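Undergrad: Provided below: data-v9.tsv, containing TSV, C-alpha atoms.
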chain	number	residue	atom	x	y	z
A	1	MET	CA	84.41	68.52	88.55
A	2	LYS	CA	86.79	70.94	90.28
A	3	GLN	CA	89.13	70.97	87.29
A	4	ARG	CA	86.23	71.75	84.95
A	5	ILE	CA	85.12	74.61	87.22
A	6	MET	CA	88.58	76.11	87.42
A	7	ALA	CA	89.18	75.75	83.70
A	8	GLY	CA	85.89	77.50	83.00
A	9	LEU	CA	86.58	80.32	85.43
A	10	LEU	CA	90.06	80.90	84.05
A	11	ALA	CA	88.78	80.98	80.48
A	12	CYS	CA	86.09	83.48	81.39
A	13	MET	CA	88.46	85.77	83.24
A	14	MET	CA	91.10	85.71	80.49
A	15	ALA	CA	88.85	86.56	77.56
A	16	LEU	CA	85.18	87.10	76.88
A	17	GLY	CA	85.16	85.84	73.31
A	18	CYS	CA	83.28	82.59	73.82
A	19	GLY	CA	79.58	83.18	74.21
A	20	SER	CA	79.90	86.65	75.69
A	21	LEU	CA	76.99	88.99	75.33
A	22	THR	CA	77.25	91.97	73.02
A	23	ALA	CA	77.24	95.30	74.82
A	24	HIS	CA	76.56	98.75	73.40
A	25	ALA	CA	77.58	102.12	74.76
A	26	GLU	CA	74.16	102.65	76.30
A	27	ASP	CA	74.12	99.31	78.11
A	28	GLU	CA	74.52	99.28	81.87
A	29	GLY	CA	76.84	96.30	81.63
A	30	VAL	CA	77.60	92.94	80.12
A	31	PHE	CA	77.44	89.45	81.56
A	32	GLY	CA	80.28	87.44	80.07
A	33	LEU	CA	79.54	83.71	80.06
A	34	CYS	CA	82.18	81.36	78.69
A	35	THR	CA	81.11	78.04	80.19
A	36	ASP	CA	78.16	76.39	81.87
A	37	TYR	CA	79.56	77.33	85.26
A	38	TYR	CA	80.65	80.93	85.76
A	39	GLY	CA	80.35	84.41	84.35
A	40	ALA	CA	81.52	87.88	85.26
A	41	TYR	CA	79.37	90.99	85.21
A	42	TYR	CA	80.85	94.30	84.02
A	43	ARG	CA	79.31	97.76	84.03
A	44	ARG	CA	80.25	101.30	83.14
A	45	PRO	CA	81.97	103.19	85.96
A	46	ALA	CA	79.60	105.74	87.44
A	47	ASP	CA	82.08	108.56	86.95
A	48	GLY	CA	83.61	107.26	83.72
A	49	ASP	CA	83.34	108.42	80.15
A	50	GLY	CA	81.25	105.47	78.96
A	51	ALA	CA	84.17	103.91	77.10
A	52	SER	CA	85.44	101.56	79.79
A	53	TRP	CA	84.25	98.86	82.18
A	54	GLU	CA	84.69	97.78	85.76
A	55	ILE	CA	84.19	94.23	86.99
A	56	VAL	CA	81.54	94.17	89.70
A	57	LYS	CA	80.49	90.58	90.36
A	58	LEU	CA	81.09	86.92	89.71
A	59	TYR	CA	78.01	84.85	88.89
A	60	ALA	CA	76.95	81.29	88.36
A	61	ALA	CA	75.73	80.31	84.89
A	62	ASP	CA	72.08	80.97	85.79
A	63	TYR	CA	72.94	84.51	86.88
A	64	SER	CA	72.61	83.52	90.54
A	65	THR	CA	75.06	84.60	93.21
A	66	LEU	CA	77.83	82.11	93.89
A	67	THR	CA	77.16	79.67	96.71
A	68	ASP	CA	79.63	79.08	99.53
A	69	ASP	CA	80.73	75.84	97.87
A	70	GLN	CA	81.36	77.62	94.57
A	71	ILE	CA	83.26	80.41	96.32
A	72	ALA	CA	85.50	77.78	97.90
A	73	GLU	CA	86.53	76.64	94.40
A	74	VAL	CA	87.82	80.03	93.26
A	75	THR	CA	91.61	80.00	93.70
A	76	TYR	CA	92.85	81.87	90.60
A	77	LEU	CA	91.56	84.89	88.70
A	78	GLU	CA	92.91	86.65	85.63
A	79	ILE	CA	90.99	89.79	84.76
A	80	PRO	CA	90.73	90.57	81.03
A	81	ALA	CA	92.16	93.82	79.70
A	82	SER	CA	89.06	94.62	77.66
A	83	VAL	CA	85.40	93.80	77.15
A	84	ASN	CA	83.96	94.29	73.68
A	85	ASP	CA	87.15	96.10	72.66
A	86	GLN	CA	86.85	98.63	75.49
A	87	PRO	CA	89.26	98.60	78.43
A	88	VAL	CA	88.55	97.21	81.87
A	89	THR	CA	89.80	100.02	84.10
A	90	GLY	CA	88.48	99.16	87.56
A	91	ILE	CA	87.85	96.54	90.21
A	92	GLY	CA	84.45	97.27	91.71
A	93	LYS	CA	83.43	97.64	95.35
A	94	GLY	CA	83.57	94.37	97.25
A	95	VAL	CA	83.68	92.32	94.05
A	96	PHE	CA	85.98	89.64	95.49
A	97	TRP	CA	84.74	89.96	99.07
A	98	GLU	CA	85.83	86.98	101.20
A	99	LEU	CA	86.93	84.70	98.38
A	100	THR	CA	88.85	82.87	101.08
A	101	ALA	CA	90.45	80.28	98.75
A	102	LEU	CA	91.76	82.87	96.28
A	103	THR	CA	95.56	82.65	96.10
A	104	ASP	CA	96.46	84.39	92.82
A	105	VAL	CA	95.06	87.37	90.91
A	106	VAL	CA	96.39	88.79	87.66
A	107	LEU	CA	95.35	92.37	86.92
A	108	PRO	CA	95.76	93.87	83.43
A	109	ASP	CA	97.74	97.06	82.84
A	110	SER	CA	94.47	98.82	82.01
A	111	ILE	CA	93.41	98.89	85.68
A	112	THR	CA	93.57	102.38	87.22
A	113	TYR	CA	91.57	101.94	90.43
A	114	ILE	CA	90.59	99.37	93.01
A	115	ALA	CA	87.36	100.23	94.81
A	116	PRO	CA	86.78	99.94	98.58
A	117	SER	CA	86.67	96.42	100.05
A	118	ALA	CA	87.52	94.87	96.66
A	119	PHE	CA	89.64	92.08	98.18
A	120	TYR	CA	88.32	92.28	101.74
A	121	GLY	CA	88.88	89.02	103.60
A	122	CYS	CA	90.75	87.16	100.83
A	123	THR	CA	92.65	85.29	103.50
A	124	SER	CA	94.67	83.05	101.13
A	125	LEU	CA	95.93	85.82	98.84
A	126	GLY	CA	99.70	85.74	99.30
A	127	SER	CA	100.76	88.37	96.78
A	128	ILE	CA	99.39	90.68	94.11
A	129	ALA	CA	101.15	92.83	91.50
A	130	LEU	CA	99.43	96.19	91.18
A	131	PRO	CA	99.62	97.73	87.68
A	132	ALA	CA	101.72	100.87	87.37
A	133	GLY	CA	98.68	102.87	86.24
A	134	VAL	CA	96.74	102.39	89.50
A	135	THR	CA	96.18	105.75	91.18
A	136	GLU	CA	93.43	104.90	93.65
A	137	ILE	CA	93.02	102.08	96.16
A	138	GLY	CA	89.88	102.37	98.24
A	139	SER	CA	89.46	101.94	101.98
A	140	HIS	CA	89.41	98.37	103.31
A	141	ALA	CA	90.52	97.15	99.85
A	142	PHE	CA	92.89	94.51	101.24
A	143	ARG	CA	91.64	94.40	104.81
A	144	GLY	CA	91.98	90.97	106.38
A	145	CYS	CA	94.20	89.57	103.62
A	146	THR	CA	96.04	87.70	106.32
A	147	SER	CA	98.38	85.80	103.96
A	148	LEU	CA	99.62	88.89	102.10
A	149	THR	CA	103.36	89.22	102.75
A	150	GLY	CA	104.38	92.30	100.79
A	151	ILE	CA	102.99	95.10	98.65
A	152	ASP	CA	104.52	97.64	96.26
A	153	LEU	CA	102.22	100.60	95.84
A	154	PRO	CA	102.34	102.26	92.39
A	155	ASP	CA	103.83	105.73	92.07
A	156	GLY	CA	100.48	107.29	91.24
A	157	VAL	CA	98.88	106.40	94.59
A	158	THR	CA	98.85	109.61	96.63
A	159	HIS	CA	96.54	108.63	99.50
A	160	ILE	CA	96.86	105.44	101.54
A	161	GLU	CA	93.21	105.13	102.54
A	162	ASP	CA	91.67	104.11	105.88
A	163	TYR	CA	91.97	100.43	106.84
A	164	VAL	CA	93.37	99.54	103.41
A	165	PHE	CA	95.80	96.94	104.82
A	166	TYR	CA	94.29	96.52	108.26
A	167	ASP	CA	94.84	93.07	109.80
A	168	CYS	CA	97.26	91.92	107.10
A	169	ARG	CA	99.10	90.08	109.82
A	170	TYR	CA	101.83	88.58	107.61
A	171	LEU	CA	102.56	91.80	105.74
A	172	SER	CA	106.21	92.34	106.56
A	173	ALA	CA	107.08	94.95	103.93
A	174	ALA	CA	105.24	97.79	102.23
A	175	SER	CA	106.71	100.26	99.76
A	176	ILE	CA	105.21	103.75	100.11
A	177	PRO	CA	105.77	105.65	96.84
A	178	GLU	CA	107.38	109.04	96.48
A	179	GLY	CA	104.48	111.39	96.02
A	180	ALA	CA	102.23	109.77	98.62
A	181	GLU	CA	100.71	112.51	100.77
A	182	SER	CA	98.82	110.84	103.60
A	183	ILE	CA	98.47	107.62	105.57
A	184	GLY	CA	94.87	107.02	106.60
A	185	ALA	CA	93.39	105.83	109.88
A	186	TRP	CA	94.32	102.23	110.72
A	187	ALA	CA	95.84	101.91	107.23
A	188	PHE	CA	98.42	99.40	108.49
A	189	GLY	CA	96.85	98.63	111.85
A	190	ASP	CA	97.46	95.15	113.25
A	191	CYS	CA	100.16	94.38	110.66
A	192	VAL	CA	101.98	92.47	113.37
A	193	SER	CA	104.75	91.15	111.08
A	194	MET	CA	105.84	94.54	109.76
A	195	THR	CA	109.35	95.35	110.96
A	196	GLU	CA	110.16	98.63	109.22
A	197	ILE	CA	108.50	101.45	107.34
A	198	THR	CA	109.92	104.43	105.48
A	199	LEU	CA	107.69	107.40	104.70
A	200	PRO	CA	108.89	109.67	101.88
A	201	ASP	CA	109.21	113.42	102.34
A	202	SER	CA	105.96	113.92	100.43
A	203	VAL	CA	103.86	112.46	103.27
A	204	THR	CA	102.38	115.24	105.39
A	205	SER	CA	99.97	113.42	107.69
A	206	ILE	CA	99.83	110.10	109.53
A	207	GLY	CA	96.29	109.23	110.52
A	208	ARG	CA	94.77	107.99	113.75
A	209	SER	CA	96.08	104.52	114.65
A	210	ALA	CA	97.75	104.27	111.22
A	211	PHE	CA	100.34	101.77	112.51
A	212	SER	CA	98.66	100.80	115.74
A	213	CYS	CA	99.54	97.32	117.07
A	214	CYS	CA	102.40	96.77	114.59
A	215	SER	CA	104.10	94.92	117.42
A	216	SER	CA	107.20	93.89	115.41
A	217	LEU	CA	107.90	97.37	114.06
A	218	THR	CA	111.40	98.47	115.07
A	219	ASP	CA	112.61	100.90	112.40
A	220	VAL	CA	110.51	103.90	111.46
A	221	SER	CA	111.75	106.66	109.18
A	222	LEU	CA	109.52	109.74	109.05
A	223	GLY	CA	110.01	112.00	106.05
A	224	SER	CA	110.83	115.67	106.44
A	225	GLY	CA	107.38	116.73	105.23
A	226	VAL	CA	105.31	115.19	108.03
A	227	THR	CA	103.35	117.81	109.97
A	228	THR	CA	100.76	115.72	111.83
A	229	ILE	CA	101.00	112.42	113.68
A	230	GLY	CA	97.49	111.42	114.70
A	231	ASP	CA	96.19	109.97	117.96
A	232	TYR	CA	97.51	106.45	118.67
A	233	ALA	CA	99.40	106.44	115.36
A	234	PHE	CA	102.06	104.03	116.70
A	235	LEU	CA	100.22	102.76	119.78
A	236	GLY	CA	101.21	99.20	120.66
A	237	CYS	CA	104.40	99.24	118.57
A	238	SER	CA	106.10	97.64	121.55
A	239	ALA	CA	109.32	96.67	119.73
A	240	MET	CA	110.16	100.30	118.96
A	241	ARG	CA	112.78	101.84	121.21
A	242	ARG	CA	113.65	105.01	119.35
A	243	VAL	CA	112.14	107.34	116.77
A	244	THR	CA	113.42	110.55	115.23
A	245	VAL	CA	110.67	113.12	114.74
A	246	PRO	CA	111.42	115.74	112.05
A	247	ALA	CA	111.21	119.44	112.85
A	248	SER	CA	108.33	119.76	110.37
A	249	VAL	CA	105.97	118.03	112.81
A	250	THR	CA	103.73	120.53	114.59
A	251	GLU	CA	101.14	118.18	116.06
A	252	ILE	CA	101.49	114.83	117.82
A	253	GLY	CA	98.26	113.22	119.02
A	254	GLU	CA	97.36	111.39	122.20
A	255	GLN	CA	99.56	108.34	122.89
A	256	ALA	CA	100.85	108.55	119.33
A	257	LEU	CA	104.39	107.48	120.27
A	258	GLY	CA	105.94	105.43	123.06
A	259	TYR	CA	102.90	103.60	124.42
A	260	THR	CA	101.93	99.95	124.65
A	261	PHE	CA	98.43	98.96	123.58
A	262	ALA	CA	97.49	98.79	127.26
A	263	GLY	CA	98.38	102.47	127.60
A	264	ALA	CA	101.65	102.08	129.52
A	265	LEU	CA	104.93	103.65	128.45
A	266	ILE	CA	107.23	101.40	126.41
A	267	PRO	CA	110.37	100.73	128.50
A	268	ASP	CA	113.49	102.60	127.40
A	269	PHE	CA	111.67	104.39	124.58
A	270	VAL	CA	113.43	107.55	123.39
A	271	ILE	CA	112.25	110.38	121.16
A	272	CYS	CA	114.88	112.24	119.18
A	273	GLY	CA	114.27	115.67	117.64
A	274	GLU	CA	115.14	119.34	117.64
A	275	ALA	CA	115.15	121.35	120.84
A	276	GLY	CA	111.98	123.36	121.32
A	277	SER	CA	110.06	121.28	118.79
A	278	ALA	CA	106.70	119.54	119.07
A	279	ALA	CA	108.66	116.33	119.59
A	280	GLU	CA	110.31	117.70	122.75
A	281	ASP	CA	107.00	119.09	124.01
A	282	TYR	CA	105.34	115.71	123.51
A	283	ALA	CA	108.20	113.86	125.19
A	284	ASN	CA	108.14	116.17	128.22
A	285	ALA	CA	104.36	116.02	128.53
A	286	ASN	CA	104.39	112.23	128.51
A	287	GLY	CA	107.47	111.57	130.61
A	288	ILE	CA	109.43	110.10	127.71
A	289	PRO	CA	113.21	110.62	127.47
A	290	PHE	CA	114.16	113.14	124.78
A	291	GLU	CA	117.44	113.47	122.92
A	292	GLU	CA	118.36	116.45	120.81
A	293	ALA	CA	119.09	115.54	117.21
A	294	GLY	CA	122.79	115.14	116.60
A	295	ALA	CA	123.67	114.64	120.25
A	296	GLU	CA	125.51	111.57	121.44
A	297	PRO	CA	123.13	109.01	122.99
A	298	ALA	CA	123.22	109.11	126.75
A	299	ILE	CA	125.37	106.46	128.42
A	300	PRO	CA	123.23	104.44	130.83
A	301	SER	CA	124.12	104.93	134.46
A	302	TYR	CA	123.35	102.28	137.03
A	303	GLY	CA	124.23	104.33	140.14
A	304	ILE	CA	125.32	101.72	142.68
A	305	ILE	CA	128.04	99.45	141.31
A	306	GLY	CA	126.48	96.11	140.38
A	307	ASP	CA	122.91	97.46	140.41
A	308	ILE	CA	122.09	96.25	136.90
A	309	ASN	CA	118.29	96.53	137.08
A	310	GLY	CA	118.35	99.95	138.76
A	311	ASP	CA	116.32	99.00	141.84
A	312	GLY	CA	118.79	100.66	144.22
A	313	THR	CA	120.53	97.52	145.47
A	314	ALA	CA	123.05	95.06	144.12
A	315	ASN	CA	121.65	91.61	144.74
A	316	ALA	CA	120.98	88.15	143.28
A	317	SER	CA	118.70	89.56	140.58
A	318	ASP	CA	121.56	91.64	139.22
A	319	ALA	CA	123.89	88.65	139.32
A	320	ALA	CA	121.35	86.61	137.36
A	321	MET	CA	121.16	89.31	134.68
A	322	ILE	CA	124.94	89.31	134.35
A	323	LEU	CA	124.96	85.52	133.95
A	324	ILE	CA	122.22	85.67	131.31
A	325	TYR	CA	124.08	88.37	129.41
A	326	SER	CA	127.34	86.43	129.63
A	327	ALA	CA	125.66	83.36	128.17
A	328	ALA	CA	124.28	85.48	125.32
A	329	VAL	CA	127.76	86.85	124.57
A	330	GLY	CA	129.10	83.32	124.57
A	331	ALA	CA	126.45	82.40	122.01
A	332	GLY	CA	127.55	85.23	119.72
A	333	TYR	CA	125.60	88.30	120.94
A	334	GLU	CA	127.67	91.45	120.25
A	335	GLY	CA	125.61	94.20	121.87
A	336	THR	CA	126.00	95.82	125.27
A	337	LEU	CA	124.30	94.61	128.43
A	338	PRO	CA	121.67	97.39	128.50
A	339	GLU	CA	120.98	96.83	124.81
A	340	TYR	CA	120.39	93.14	125.47
A	341	PHE	CA	117.83	93.71	128.21
A	342	ALA	CA	116.15	96.53	126.26
A	343	LYS	CA	115.15	94.10	123.51
Mind turning the file's structure into structure tokens?
TA:
Amino acid sequence: MKQRIMAGLLACMMALGCGSLTAHAEDEGVFGLCTDYYGAYYRRPADGDGASWEIVKLYAADYSTLTDDQIAEVTYLEIPASVNDQPVTGIGKGVFWELTALTDVVLPDSITYIAPSAFYGCTSLGSIALPAGVTEIGSHAFRGCTSLTGIDLPDGVTHIEDYVFYDCRYLSAASIPEGAESIGAWAFGDCVSMTEITLPDSVTSIGRSAFSCCSSLTDVSLGSGVTTIGDYAFLGCSAMRRVTVPASVTEIGEQALGYTFAGALIPDFVICGEAGSAAEDYANANGIPFEEAGAEPAIPSYGIIGDINGDGTANASDAAMILIYSAAVGAGYEGTLPEYFAK
């Protein structure tokens, strides 16, 4: 039975030639039915020119909404490039909401936009290739896609919307295109596997909590066009130890840099920037060490000889740290002692 269901769904998604309803320009939409099991409903985009379609819902053969059992069977979708010889240009709002078994989606090159919450909660979706013509990806579009490991955003996407990749906990890499202008609130929040992010010079604003709780994030490169870093933008990025803030930044929000999610300062966190800049003002106001851009990093000083942990005395705790560091060096670690304990 499962094989028949999947074969029917695949056939319907790939082409609407078998038993599909005829649609005319004045029709609101077309229900394409290729088997006795599933169909897909298409309608004209509200702001379109009447010559294209967007997919808005999957249906059972009797036009009823899919049951939970039927949803659990949907693992593969291939969206057709056209309906009745007119292009399919969009993925509608919430159309694939919580298809939790969905692992693979093939989008045609005709797609130009993905509406809000389109793939919300597709927890098994491991990857998706976005067509080069996509210019708009709505808020929450991939929220909760907890198996998604990487994403390449097309060059035409200029705004990374709110919550678009929120809670994509296995998302380790994201390519932000040249030309992107803003990163929305919580856009990459709770992406706990992300280790690095590079923002091009075109990005001017980083929204509230945009990268909040990205606890594995270590390398952040802010483009020279950034002017605003919103409240809590990097809150809870506890693996970060250093960030260079460009001189273009004029506003840094509350606990935007250098704070754990609990609101404490991240140990050994350093802000680097130009003297007299917003970066220095923020560092001074929050008690965070500041280094002027281009200056040699400060050499750690331990005061009393043997006082490794800086508590004012040389004792057994310091000896234990030296032994631990020595064992790490013996196992191949090549960094300095302070670098080891700053990890």
Undergrad: Which residues, written as a VMD selection string, have at least one atom at most 8 Å from region 214-223 of chain A, with all atoms listed in the file counted and residues fewer than 5 positions away on the same chain left out?
TA: chain A and resid 188 to 203 234 236 to 241 243 to 246
Undergrad: Which neighbours of region 112-118 of chain A fall inside 9 Å, counting only C-alpha atoms, when residues of the same chain fewer than 4 positions from it are skipped, and could you give them as a PyMOL selection string?
TA: chain A and resi 88-97+131-143+164
Undergrad: From the set A:Glu274, A:Glu254, A:Asp68, A:Asp167, which residue has the shortest atom-to-atom contact distance to Phe211 (chain A), counting all atoms listed in the file?
TA: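 Among A:Glu274, A:Glu254, A:Asp68, A:Asp167, it is A:Asp167 that comes nearest to Phe211 (chain A).
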Undergrad: Smallest atom-to-atom distance to Leu235 (chain A): which of A:Thr260, A:Ser277, A:Asn286, A:Ser317, using only C-alpha atoms?
TA: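 Among A:Thr260, A:Ser277, A:Asn286, A:Ser317, it is A:Thr260 that comes nearest to Leu235 (chain A).
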Undergrad: Using CA of Ala262 (chain A) and CA of Phe290 (chain A) as the two end points, give the distance in Å to one decimal.
TA: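 Between CA of Ala262 (chain A) and CA of Phe290 (chain A) the gap works out to 22.1 Å.
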Undergrad: When distances are computed from only C-alpha atoms, which of A:Ile176, A:Val83, A:Val157, A:Val56 shows the smallest separation from Phe119 (chain A)?
TA: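 The shortest atom-to-atom distance to Phe119 (chain A) comes from A:Val56.
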Undergrad: Go through A:Ile324, A:Ile229, A:Ile55, A:Ile151 one by one, measure the shortest atom-to-atom distance of each to Ser182 (chain A) using only C-alpha atoms, and give the residue with the smallest value.
TA: A:Ile229
Undergrad: Which of these residues is nearest to Ala233 (chain A), using all atoms listed in the file: A:Ile128, A:Ala187, A:Ala247, A:Ala285?
TA: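 Going through A:Ile128, A:Ala187, A:Ala247, A:Ala285 one by one, the smallest distance to Ala233 (chain A) is for A:Ala187.
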Undergrad: Work out how far apart CA of Gln86 (chain A) and CA of Leu58 (chain A) are and give it in Å to one decimal.
TA: 19.3 Å
Undergrad: Quick one: region 218-251 of chain A with N, CA and C atoms, as an mmCIF file, keeping the file's coordinate frame?
TA:
data_model
loop_
_atom_site.group_PDB
_atom_site.id
_atom_site.type_symbol
_atom_site.label_atom_id
_atom_site.label_comp_id
_atom_site.auth_asym_id
_atom_site.auth_seq_id
_atom_site.Cartn_x
_atom_site.Cartn_y
_atom_site.Cartn_z
ATOM 1 N N THR A 218 110.244 97.947 114.336
ATOM 2 C CA THR A 218 111.400 98.470 115.070
ATOM 3 C C THR A 218 111.985 99.715 114.430
ATOM 4 N N ASP A 219 111.984 99.782 113.113
ATOM 5 C CA ASP A 219 112.610 100.900 112.400
ATOM 6 C C ASP A 219 111.562 101.726 111.678
ATOM 7 N N VAL A 220 111.458 102.986 112.076
ATOM 8 C CA VAL A 220 110.510 103.900 111.460
ATOM 9 C C VAL A 220 111.253 105.143 111.008
ATOM 10 N N SER A 221 111.122 105.463 109.732
ATOM 11 C CA SER A 221 111.750 106.660 109.180
ATOM 12 C C SER A 221 110.655 107.608 108.713
ATOM 13 N N LEU A 222 110.542 108.744 109.390
ATOM 14 C CA LEU A 222 109.520 109.740 109.050
ATOM 15 C C LEU A 222 110.132 110.786 108.135
ATOM 16 N N GLY A 223 109.503 111.022 107.003
ATOM 17 C CA GLY A 223 110.010 112.000 106.050
ATOM 18 C C GLY A 223 109.950 113.416 106.595
ATOM 19 N N SER A 224 110.694 114.290 105.964
ATOM 20 C CA SER A 224 110.830 115.670 106.440
ATOM 21 C C SER A 224 109.590 116.519 106.187
ATOM 22 N N GLY A 225 108.589 115.960 105.497
ATOM 23 C CA GLY A 225 107.380 116.730 105.230
ATOM 24 C C GLY A 225 106.245 116.485 106.194
ATOM 25 N N VAL A 226 106.391 115.519 107.097
ATOM 26 C CA VAL A 226 105.310 115.190 108.030
ATOM 27 C C VAL A 226 105.030 116.363 108.956
ATOM 28 N N THR A 227 103.747 116.734 109.058
ATOM 29 C CA THR A 227 103.350 117.810 109.970
ATOM 30 C C THR A 227 102.465 117.299 111.099
ATOM 31 N N THR A 228 101.728 116.212 110.845
ATOM 32 C CA THR A 228 100.760 115.720 111.830
ATOM 33 C C THR A 228 100.921 114.223 112.047
ATOM 34 N N ILE A 229 101.020 113.830 113.300
ATOM 35 C CA ILE A 229 101.000 112.420 113.680
ATOM 36 C C ILE A 229 99.764 112.239 114.552
ATOM 37 N N GLY A 230 98.789 111.505 114.052
ATOM 38 C CA GLY A 230 97.490 111.420 114.700
ATOM 39 C C GLY A 230 97.483 110.628 115.993
ATOM 40 N N ASP A 231 96.367 110.722 116.720
ATOM 41 C CA ASP A 231 96.190 109.970 117.960
ATOM 42 C C ASP A 231 96.482 108.485 117.735
ATOM 43 N N TYR A 232 97.237 107.906 118.650
ATOM 44 C CA TYR A 232 97.510 106.450 118.670
ATOM 45 C C TYR A 232 98.186 105.938 117.402
ATOM 46 N N ALA A 233 98.842 106.827 116.655
ATOM 47 C CA ALA A 233 99.400 106.440 115.360
ATOM 48 C C ALA A 233 100.308 105.219 115.460
ATOM 49 N N PHE A 234 101.130 105.162 116.517
ATOM 50 C CA PHE A 234 102.060 104.030 116.700
ATOM 51 C C PHE A 234 101.793 103.338 118.043
ATOM 52 N N LEU A 235 100.581 103.405 118.524
ATOM 53 C CA LEU A 235 100.220 102.760 119.780
ATOM 54 C C LEU A 235 100.426 101.244 119.661
ATOM 55 N N GLY A 236 101.042 100.649 120.670
ATOM 56 C CA GLY A 236 101.210 99.200 120.660
ATOM 57 C C GLY A 236 102.368 98.714 119.808
ATOM 58 N N CYS A 237 103.196 99.634 119.312
ATOM 59 C CA CYS A 237 104.400 99.240 118.570
ATOM 60 C C CYS A 237 105.487 98.978 119.613
ATOM 61 N N SER A 238 105.327 97.884 120.336
ATOM 62 C CA SER A 238 106.100 97.640 121.550
ATOM 63 C C SER A 238 107.558 97.282 121.287
ATOM 64 N N ALA A 239 107.917 96.969 120.041
ATOM 65 C CA ALA A 239 109.320 96.670 119.730
ATOM 66 C C ALA A 239 110.124 97.921 119.423
ATOM 67 N N MET A 240 109.457 99.040 119.235
ATOM 68 C CA MET A 240 110.160 100.300 118.960
ATOM 69 C C MET A 240 110.834 100.807 120.230
ATOM 70 N N ARG A 241 112.065 101.254 120.092
ATOM 71 C CA ARG A 241 112.780 101.840 121.210
ATOM 72 C C ARG A 241 113.214 103.276 120.938
ATOM 73 N N ARG A 242 113.132 103.685 119.697
ATOM 74 C CA ARG A 242 113.650 105.010 119.350
ATOM 75 C C ARG A 242 112.982 105.484 118.063
ATOM 76 N N VAL A 243 112.665 106.762 117.999
ATOM 77 C CA VAL A 243 112.140 107.340 116.770
ATOM 78 C C VAL A 243 112.627 108.783 116.677
ATOM 79 N N THR A 244 113.018 109.178 115.479
ATOM 80 C CA THR A 244 113.420 110.550 115.230
ATOM 81 C C THR A 244 112.255 111.292 114.585
ATOM 82 N N VAL A 245 111.810 112.345 115.225
ATOM 83 C CA VAL A 245 110.670 113.120 114.740
ATOM 84 C C VAL A 245 111.193 114.371 114.052
ATOM 85 N N PRO A 246 110.885 114.571 112.775
ATOM 86 C CA PRO A 246 111.420 115.740 112.050
ATOM 87 C C PRO A 246 110.862 117.047 112.592
ATOM 88 N N ALA A 247 111.599 118.119 112.359
ATOM 89 C CA ALA A 247 111.210 119.440 112.850
ATOM 90 C C ALA A 247 109.919 119.935 112.196
ATOM 91 N N SER A 248 109.554 119.345 111.072
ATOM 92 C CA SER A 248 108.330 119.760 110.370
ATOM 93 C C SER A 248 107.062 119.422 111.141
ATOM 94 N N VAL A 249 107.151 118.476 112.071
ATOM 95 C CA VAL A 249 105.970 118.030 112.810
ATOM 96 C C VAL A 249 105.535 119.114 113.794
ATOM 97 N N THR A 250 104.278 119.513 113.695
ATOM 98 C CA THR A 250 103.730 120.530 114.590
ATOM 99 C C THR A 250 102.660 119.977 115.515
ATOM 100 N N GLU A 251 102.205 118.758 115.244
ATOM 101 C CA GLU A 251 101.140 118.180 116.060
ATOM 102 C C GLU A 251 101.363 116.686 116.235
#
